[in-house]
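Shown next: upload_24.pdb, given as PDB, C-alpha atoms.
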MODEL        1
ATOM      1  CA  MET J  19       0.000   0.000   0.000
ATOM      2  CA  LEU J  20       1.522   3.289  -1.128
ATOM      3  CA  ILE J  21       1.964   5.878   1.589
ATOM      4  CA  ILE J  22       2.469   9.507   0.643
ATOM      5  CA  SER J  23       3.406  12.086   3.240
ATOM      6  CA  THR J  24       0.738  14.732   3.556
ATOM      7  CA  ALA J  25      -1.681  16.314   6.005
ATOM      8  CA  LEU J  26      -4.198  13.503   6.480
ATOM      9  CA  MET J  27      -4.929   9.779   6.487
ATOM     10  CA  LEU J  28      -7.423   8.228   4.116
ATOM     11  CA  ILE J  29      -8.355   4.815   5.449
ATOM     12  CA  SER J  30     -10.983   3.427   3.159
ATOM     13  CA  CYS J  31     -13.441   4.259   0.420
ATOM     14  CA  SER J  32     -15.548   1.115   0.790
ATOM     15  CA  ALA J  33     -18.154   2.581   3.131
ATOM     16  CA  PRO J  34     -20.685   5.214   2.056
ATOM     17  CA  GLY J  35     -18.646   8.370   1.656
ATOM     18  CA  LEU J  36     -15.260   8.029   3.328
ATOM     19  CA  THR J  37     -14.076   6.905   6.747
ATOM     20  CA  TYR J  38     -11.436   8.780   8.704
ATOM     21  CA  GLU J  39      -8.972   8.432  11.557
ATOM     22  CA  ASP J  40      -6.705  10.806  13.420
ATOM     23  CA  ALA J  41      -3.034  10.287  12.705
ATOM     24  CA  PRO J  42      -0.183  12.236  14.316
ATOM     25  CA  ASN J  43       1.684  12.578  11.028
ATOM     26  CA  TYR J  44      -1.399  13.261   8.875
ATOM     27  CA  GLU J  45      -0.481  10.744   6.213
ATOM     28  CA  ILE J  46      -2.665   9.648   3.348
ATOM     29  CA  LYS J  47      -2.873   5.924   2.666
ATOM     30  CA  HIS J  48      -3.939   5.093  -0.849
ATOM     31  CA  SER J  49      -6.201   2.100  -1.190
ATOM     32  CA  ASN J  50      -6.257  -0.436  -3.990
ATOM     33  CA  ASP J  51      -8.965   1.588  -5.701
ATOM     34  CA  ASP J  52      -7.295   2.798  -8.916
ATOM     35  CA  THR J  53      -9.837   5.566  -9.461
ATOM     36  CA  LEU J  54      -9.186   6.992  -6.027
ATOM     37  CA  ASP J  55      -5.413   6.744  -6.431
ATOM     38  CA  GLN J  56      -5.546   8.484  -9.794
ATOM     39  CA  PHE J  57      -7.697  11.271  -8.366
ATOM     40  CA  PHE J  58      -5.391  12.028  -5.463
ATOM     41  CA  GLY J  59      -2.375  11.533  -7.706
ATOM     42  CA  ASN J  60      -3.170  14.944  -9.194
ATOM     43  CA  ILE J  61      -2.321  16.662  -5.920
ATOM     44  CA  ILE J  62       1.315  17.623  -5.405
ATOM     45  CA  TYR J  63       2.368  16.696  -1.892
ATOM     46  CA  PRO J  64       5.208  18.599  -0.166
ATOM     47  CA  ASP J  65       8.165  16.812   1.368
ATOM     48  CA  TYR J  66       8.221  18.342   4.821
ATOM     49  CA  GLU J  67      10.660  17.488   7.546
ATOM     50  CA  GLU J  68       9.585  15.322  10.472
ATOM     51  CA  ASN J  69       7.331  13.085   8.349
ATOM     52  CA  GLY J  70       5.175  15.905   7.074
ATOM     53  CA  ASN J  71       4.059  17.281  10.418
ATOM     54  CA  TYR J  72       2.563  20.744  10.335
ATOM     55  CA  GLU J  73       4.251  22.058  13.426
ATOM     56  CA  THR J  74       2.494  24.786  15.339
ATOM     57  CA  LYS J  75       3.388  25.353  18.951
ATOM     58  CA  PRO J  76       1.053  23.625  21.425
ATOM     59  CA  ASN J  77      -0.084  27.010  22.688
ATOM     60  CA  LEU J  78      -0.495  28.652  19.303
ATOM     61  CA  LYS J  79      -0.404  32.425  19.656
ATOM     62  CA  SER J  80      -2.406  34.767  17.474
ATOM     63  CA  SER J  81      -1.125  37.956  15.900
ATOM     64  CA  ASN J  82      -3.792  39.942  17.743
ATOM     65  CA  LYS J  83      -2.521  41.143  21.105
ATOM     66  CA  ASN J  84      -6.058  41.706  22.400
ATOM     67  CA  GLU J  85      -7.223  38.149  21.792
ATOM     68  CA  LYS J  86      -8.263  36.024  24.733
ATOM     69  CA  THR J  87      -6.542  32.750  25.572
ATOM     70  CA  GLU J  88      -7.358  29.610  23.561
ATOM     71  CA  SER J  89      -9.369  28.099  26.386
ATOM     72  CA  ASP J  90     -11.573  31.202  26.364
ATOM     73  CA  THR J  91     -12.121  31.372  22.613
ATOM     74  CA  ARG J  92     -12.063  27.856  21.126
ATOM     75  CA  ARG J  93     -14.892  25.360  21.249
ATOM     76  CA  LYS J  94     -15.425  21.904  19.835
ATOM     77  CA  VAL J  95     -17.840  21.174  16.994
ATOM     78  CA  THR J  96     -18.466  18.152  14.760
ATOM     79  CA  VAL J  97     -18.068  18.416  10.988
ATOM     80  CA  THR J  98     -21.132  17.127   9.121
ATOM     81  CA  SER J  99     -20.190  17.978   5.538
ATOM     82  CA  VAL J 100     -17.585  19.756   3.423
ATOM     83  CA  THR J 101     -18.847  22.230   0.829
ATOM     84  CA  ASP J 102     -15.504  23.095  -0.745
ATOM     85  CA  GLY J 103     -11.950  23.917   0.272
ATOM     86  CA  ASP J 104     -12.914  26.823   2.511
ATOM     87  CA  SER J 105     -16.483  26.110   3.680
ATOM     88  CA  ILE J 106     -17.962  23.397   5.886
ATOM     89  CA  ARG J 107     -21.138  22.418   7.739
ATOM     90  CA  TYR J 108     -20.867  21.494  11.397
ATOM     91  CA  PHE J 109     -23.010  20.854  14.454
ATOM     92  CA  ASP J 110     -22.354  23.450  17.101
ATOM     93  CA  PRO J 111     -23.390  22.367  20.634
ATOM     94  CA  LEU J 112     -23.333  25.998  21.770
ATOM     95  CA  LEU J 113     -25.983  26.918  19.196
ATOM     96  CA  ASN J 114     -27.573  23.453  19.368
ATOM     97  CA  LYS J 115     -27.892  23.317  15.586
ATOM     98  CA  GLU J 116     -26.031  22.647  12.360
ATOM     99  CA  VAL J 117     -24.548  25.711  10.688
ATOM    100  CA  THR J 118     -22.254  26.650   7.816
ATOM    101  CA  GLY J 119     -18.747  27.856   8.572
ATOM    102  CA  ARG J 120     -16.418  29.836   6.316
ATOM    103  CA  PHE J 121     -12.683  29.686   7.056
ATOM    104  CA  LEU J 122     -11.304  33.159   7.697
ATOM    105  CA  GLY J 123      -8.315  34.480   5.785
ATOM    106  CA  ILE J 124      -8.324  32.056   2.843
ATOM    107  CA  ASN J 125     -10.060  31.378  -0.450
ATOM    108  CA  ALA J 126     -10.231  28.063  -2.315
ATOM    109  CA  PRO J 127     -10.841  27.438  -6.021
ATOM    110  CA  GLU J 128     -14.507  26.759  -6.708
ATOM    111  CA  ALA J 129     -15.711  23.160  -6.782
ATOM    112  CA  ALA J 130     -19.498  23.411  -6.786
ATOM    113  CA  LYS J 131     -21.528  25.395  -9.336
ATOM    114  CA  THR J 132     -18.377  26.660 -11.028
ATOM    115  CA  VAL J 133     -15.373  24.328 -11.109
ATOM    116  CA  GLU J 134     -11.863  25.773 -11.034
ATOM    117  CA  LYS J 135      -8.451  24.116 -11.162
ATOM    118  CA  PHE J 136      -7.604  22.401  -7.833
ATOM    119  CA  GLY J 137     -11.132  23.027  -6.555
ATOM    120  CA  PRO J 138     -12.191  19.343  -6.503
ATOM    121  CA  GLU J 139      -8.808  18.286  -5.118
ATOM    122  CA  GLY J 140      -8.990  20.833  -2.324
ATOM    123  CA  THR J 141     -12.505  19.723  -1.429
ATOM    124  CA  ALA J 142     -11.436  16.064  -1.386
ATOM    125  CA  PHE J 143      -8.390  16.856   0.725
ATOM    126  CA  LEU J 144     -10.405  18.744   3.326
ATOM    127  CA  THR J 145     -13.094  16.046   3.343
ATOM    128  CA  ASN J 146     -10.515  13.404   4.141
ATOM    129  CA  LEU J 147      -8.972  15.557   6.822
ATOM    130  CA  ILE J 148     -12.020  16.552   8.869
ATOM    131  CA  MET J 149     -15.259  14.902   7.696
ATOM    132  CA  GLY J 150     -17.175  13.408  10.620
ATOM    133  CA  LYS J 151     -14.534  14.539  13.098
ATOM    134  CA  GLY J 152     -14.486  16.845  16.054
ATOM    135  CA  ILE J 153     -12.577  20.052  15.392
ATOM    136  CA  GLU J 154     -12.106  23.276  17.301
ATOM    137  CA  ILE J 155     -13.300  26.610  15.996
ATOM    138  CA  GLU J 156     -12.541  30.154  16.978
ATOM    139  CA  SER J 157     -14.212  33.413  15.994
ATOM    140  CA  ASP J 158     -12.131  36.546  15.521
ATOM    141  CA  PRO J 159     -12.559  39.762  17.524
ATOM    142  CA  ASN J 160     -11.788  41.822  14.403
ATOM    143  CA  ALA J 161     -14.180  39.992  12.079
ATOM    144  CA  ASP J 162     -17.956  39.796  11.850
ATOM    145  CA  ILE J 163     -19.576  36.726  13.402
ATOM    146  CA  THR J 164     -21.166  35.828  10.058
ATOM    147  CA  ASP J 165     -20.756  36.960   6.453
ATOM    148  CA  LYS J 166     -23.506  38.277   4.177
ATOM    149  CA  TYR J 167     -24.522  34.690   3.371
ATOM    150  CA  GLY J 168     -25.019  33.817   7.040
ATOM    151  CA  ARG J 169     -21.912  31.639   7.241
ATOM    152  CA  TYR J 170     -19.997  31.728  10.526
ATOM    153  CA  LEU J 171     -16.502  33.151  10.024
ATOM    154  CA  ILE J 172     -14.026  30.928  11.830
ATOM    155  CA  HIS J 173     -10.450  29.870  12.385
ATOM    156  CA  ALA J 174     -10.394  26.060  12.610
ATOM    157  CA  PHE J 175      -8.072  23.513  14.210
ATOM    158  CA  ILE J 176      -7.667  19.743  14.264
ATOM    159  CA  SER J 177      -5.526  18.143  16.958
ATOM    160  CA  GLY J 178      -4.255  21.617  17.791
ATOM    161  CA  LYS J 179      -3.080  22.305  14.235
ATOM    162  CA  SER J 180      -4.461  25.100  12.108
ATOM    163  CA  ILE J 181      -6.619  23.731   9.277
ATOM    164  CA  GLN J 182      -6.129  26.962   7.335
ATOM    165  CA  GLN J 183      -2.360  26.580   7.639
ATOM    166  CA  ILE J 184      -2.495  22.979   6.417
ATOM    167  CA  LEU J 185      -4.548  23.914   3.356
ATOM    168  CA  ILE J 186      -2.281  26.859   2.556
ATOM    169  CA  LEU J 187       0.895  24.765   2.843
ATOM    170  CA  GLU J 188      -0.612  22.199   0.473
ATOM    171  CA  GLY J 189      -1.208  24.934  -2.079
ATOM    172  CA  LEU J 190      -4.926  24.157  -2.205
ATOM    173  CA  VAL J 191      -6.071  27.589  -1.000
ATOM    174  CA  ARG J 192      -4.665  31.085  -1.010
ATOM    175  CA  VAL J 193      -4.577  33.771   1.649
ATOM    176  CA  ALA J 194      -7.396  36.214   0.897
ATOM    177  CA  TYR J 195      -9.895  38.710   2.290
ATOM    178  CA  LEU J 196      -7.655  40.050   5.047
ATOM    179  CA  TYR J 197      -9.844  43.043   5.799
ATOM    180  CA  ASP J 198      -8.393  43.619   9.252
ATOM    181  CA  GLU J 199      -5.679  42.452  11.651
ATOM    182  CA  TYR J 200      -7.203  39.009  12.109
ATOM    183  CA  ASN J 201      -5.781  36.367  14.392
ATOM    184  CA  TYR J 202      -3.143  34.196  12.693
ATOM    185  CA  ASN J 203      -2.600  36.532   9.735
ATOM    186  CA  ASP J 204       1.137  36.061  10.174
ATOM    187  CA  LEU J 205       0.777  32.276  10.343
ATOM    188  CA  TYR J 206      -1.230  32.159   7.126
ATOM    189  CA  LEU J 207       1.041  34.537   5.228
ATOM    190  CA  ALA J 208       4.163  32.615   6.275
ATOM    191  CA  ALA J 209       2.582  29.344   5.087
ATOM    192  CA  GLU J 210       1.632  30.921   1.762
ATOM    193  CA  LYS J 211       5.158  32.168   1.248
ATOM    194  CA  GLU J 212       6.452  28.608   1.660
ATOM    195  CA  ALA J 213       3.846  27.157  -0.722
ATOM    196  CA  LYS J 214       4.617  29.819  -3.310
ATOM    197  CA  ILE J 215       8.378  29.192  -3.154
ATOM    198  CA  VAL J 216       7.994  25.483  -3.948
ATOM    199  CA  GLY J 217       5.246  26.016  -6.548
ATOM    200  CA  GLN J 218       2.681  24.013  -4.638
ATOM    201  CA  ASN J 219      -0.498  23.136  -6.598
ATOM    202  CA  ILE J 220      -2.268  26.494  -7.196
ATOM    203  CA  TRP J 221       1.180  28.098  -7.366
ATOM    204  CA  SER J 222       2.352  25.655 -10.067
ATOM    205  CA  ILE J 223       0.507  27.572 -12.814
ATOM    206  CA  PRO J 224       1.966  31.049 -13.442
ATOM    207  CA  GLY J 225      -0.662  33.739 -13.040
ATOM    208  CA  TYR J 226      -3.377  31.380 -11.798
ATOM    209  CA  VAL J 227      -3.523  33.046  -8.385
ATOM    210  CA  ASP J 228      -4.693  36.513  -9.373
ATOM    211  CA  LYS J 229      -3.847  39.865  -7.837
ATOM    212  CA  LYS J 230      -7.240  40.180  -6.178
ATOM    213  CA  ASN J 231      -8.600  37.395  -3.977
ATOM    214  CA  GLY J 232      -9.357  34.695  -6.520
ATOM    215  CA  PHE J 233      -8.087  32.633  -9.432
ATOM    216  CA  ASP J 234      -7.722  33.233 -13.174
ATOM    217  CA  MET J 235      -8.975  30.306 -15.233
ATOM    218  CA  ASP J 236      -7.961  32.147 -18.422
ATOM    219  CA  VAL J 237      -4.345  31.101 -17.850
ATOM    220  CA  VAL J 238      -5.312  27.417 -17.593
ATOM    221  CA  SER J 239      -4.951  25.438 -20.824
ATOM    222  CA  GLU J 240      -8.025  24.036 -22.582
ATOM    223  CA  ASP J 241      -6.815  20.475 -21.941
ATOM    224  CA  LEU J 242      -6.558  21.179 -18.233
ATOM    225  CA  LYS J 243     -10.009  22.789 -18.194
ATOM    226  CA  GLY J 244     -11.489  19.594 -19.617
ATOM    227  CA  SER J 245      -9.738  17.454 -17.044
ATOM    228  CA  ILE J 246     -10.995  19.669 -14.213
ATOM    229  CA  VAL J 247     -14.630  18.916 -15.044
ATOM    230  CA  GLU J 248     -13.766  15.232 -15.335
ATOM    231  CA  LYS J 249     -12.052  15.230 -11.946
ATOM    232  CA  ALA J 250     -15.029  16.963 -10.372
ATOM    233  CA  GLY J 251     -17.220  14.090 -11.611
ATOM    234  CA  GLU J 252     -14.758  11.520 -10.239
ATOM    235  CA  PHE J 253     -14.807  13.213  -6.841
ATOM    236  CA  MET J 254     -18.604  13.083  -6.668
ATOM    237  CA  ASN J 255     -18.517   9.392  -7.590
ATOM    238  CA  ILE J 256     -15.965   8.692  -4.864
ATOM    239  CA  LEU J 257     -18.234  10.223  -2.243
ATOM    240  CA  LYS J 258     -21.311   8.221  -3.282
TER     241      LYS J 258
ENDMDL
END
So, in terms of structure tokens, how does the structure I just supplied come out?
Amino acid sequence: MLIISTALMLISCSAPGLTYEDAPNYEIKHSNDDTLDQFFGNIIYPDYEENGNYETKPNLKSSNKNEKTESDTRRKVTVTSVTDGDSIRYFDPLLNKEVTGRFLGINAPEAAKTVEKFGPEGTAFLTNLIMGKGIEIESDPNADITDKYGRYLIHAFISGKSIQQILILEGLVRVAYLYDEYNYNDLYLAAEKEAKIVGQNIWSIPGYVDKKNGFDMDVVSEDLKGSIVEKAGEFMNILK
């Protein structure tokens, strides 16, 4: 069984959807399913030191000096579905209902109504990382509680590691919409700098990450555009 160092562990695709398990090194184990292996084979995985660990200090500090301590601001929720690389649904015990969350400080290529390069891969990656699991979320004192679509704006963590940072390092999202001095701005920007230097995924296509907050599909070749739609279909089949 081929093991590729990355930020998650995929255990099986035999059950409805996917099953998941926490792993200290966040490795992905490819199954004998050729379709699944081919799909994830399109993602470029970085060769990090220490077996691919995304090291953040146990008591991760924010860049906002006025922020409260972690114990005061973070709470546990359970992920119920993944919309795309930057949006999820989760059950929040504090609200006693299921809500939609939008990760602060990042933007992922589209993978739903409009499909952009690395959108399906980013959605699959995040699904494997957090689907059905308990994660911790944190609002930001310098951001609104929700956006104009009613999505809760959150920083998110799994096993104490920043989910935004993991996605940025993998080159599956970009840093975006930094409208204020949000918590962890420095963490996200440092991760993006590393992903950009090594040409990770979204950074592997010159000009794809635009100068605003999104992505420019005009620089993607026609052949690649066709494969993107095909990969989106494969991803939906995997999750059935």
Could you check how far atom CA of Lys230 of chain J sits from atom CA of Ser157 of chain J, in Å to one decimal? 24.2 Å
I need the output of the PyMOL selection byres ((chain J and resi 110-121) around 10) for this file as number ranges by chain; which residues are they? J: 93-109, 122-126, 155-157, 164-165, 167-174, 181-182
Just to be explicit: take each residue in the selection above, keep C-alpha atoms, and write the result as a short mmCIF file (atom, residue, chain, number, x, y, z; two decimals), keeping the file's coordinate frame.
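Generated output (part12.cif):
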data_model
loop_
_atom_site.label_atom_id
_atom_site.label_comp_id
_atom_site.auth_asym_id
_atom_site.auth_seq_id
_atom_site.Cartn_x
_atom_site.Cartn_y
_atom_site.Cartn_z
CA ARG J 93 -14.89 25.36 21.25
CA LYS J 94 -15.42 21.90 19.84
CA VAL J 95 -17.84 21.17 16.99
CA THR J 96 -18.47 18.15 14.76
CA VAL J 97 -18.07 18.42 10.99
CA THR J 98 -21.13 17.13 9.12
CA SER J 99 -20.19 17.98 5.54
CA VAL J 100 -17.58 19.76 3.42
CA THR J 101 -18.85 22.23 0.83
CA ASP J 102 -15.50 23.10 -0.74
CA GLY J 103 -11.95 23.92 0.27
CA ASP J 104 -12.91 26.82 2.51
CA SER J 105 -16.48 26.11 3.68
CA ILE J 106 -17.96 23.40 5.89
CA ARG J 107 -21.14 22.42 7.74
CA TYR J 108 -20.87 21.49 11.40
CA PHE J 109 -23.01 20.85 14.45
CA LEU J 122 -11.30 33.16 7.70
CA GLY J 123 -8.32 34.48 5.78
CA ILE J 124 -8.32 32.06 2.84
CA ASN J 125 -10.06 31.38 -0.45
CA ALA J 126 -10.23 28.06 -2.32
CA ILE J 155 -13.30 26.61 16.00
CA GLU J 156 -12.54 30.15 16.98
CA SER J 157 -14.21 33.41 15.99
CA THR J 164 -21.17 35.83 10.06
CA ASP J 165 -20.76 36.96 6.45
CA TYR J 167 -24.52 34.69 3.37
CA GLY J 168 -25.02 33.82 7.04
CA ARG J 169 -21.91 31.64 7.24
CA TYR J 170 -20.00 31.73 10.53
CA LEU J 171 -16.50 33.15 10.02
CA ILE J 172 -14.03 30.93 11.83
CA HIS J 173 -10.45 29.87 12.38
CA ALA J 174 -10.39 26.06 12.61
CA ILE J 181 -6.62 23.73 9.28
CA GLN J 182 -6.13 26.96 7.34
#
With the PyMOL selection byres ((chain J and resi 220) around 9) as the selection, what would be picked from this file? Answer as a PyMOL selection string, please. chain J and resi 127+135-136+188-192+213-214+217-219+221-224+226-227+233
Which of these, J:Leu185, J:Tyr197, J:Gly137, J:Thr132, has the shortest distance to Asp158 of chain J once you count all atoms listed in the file?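 Ranked by minimum distance to Asp158 of chain J, first place goes to J:Tyr197.
Rounded to one decimal, atom CA of Ala209 of chain J and atom CA of Ser239 of chain J lie 27.3 Å from each other.
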Which residue gives the smallest distance to Phe143 of chain J among J:Ile186, J:Ala130, J:Ala194, J:Ala161, with only C-alpha atoms counted? J:Ile186
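In this structure, atom CA of Gln183 of chain J sits 14.1 Å away from atom CA of Tyr200 of chain J.
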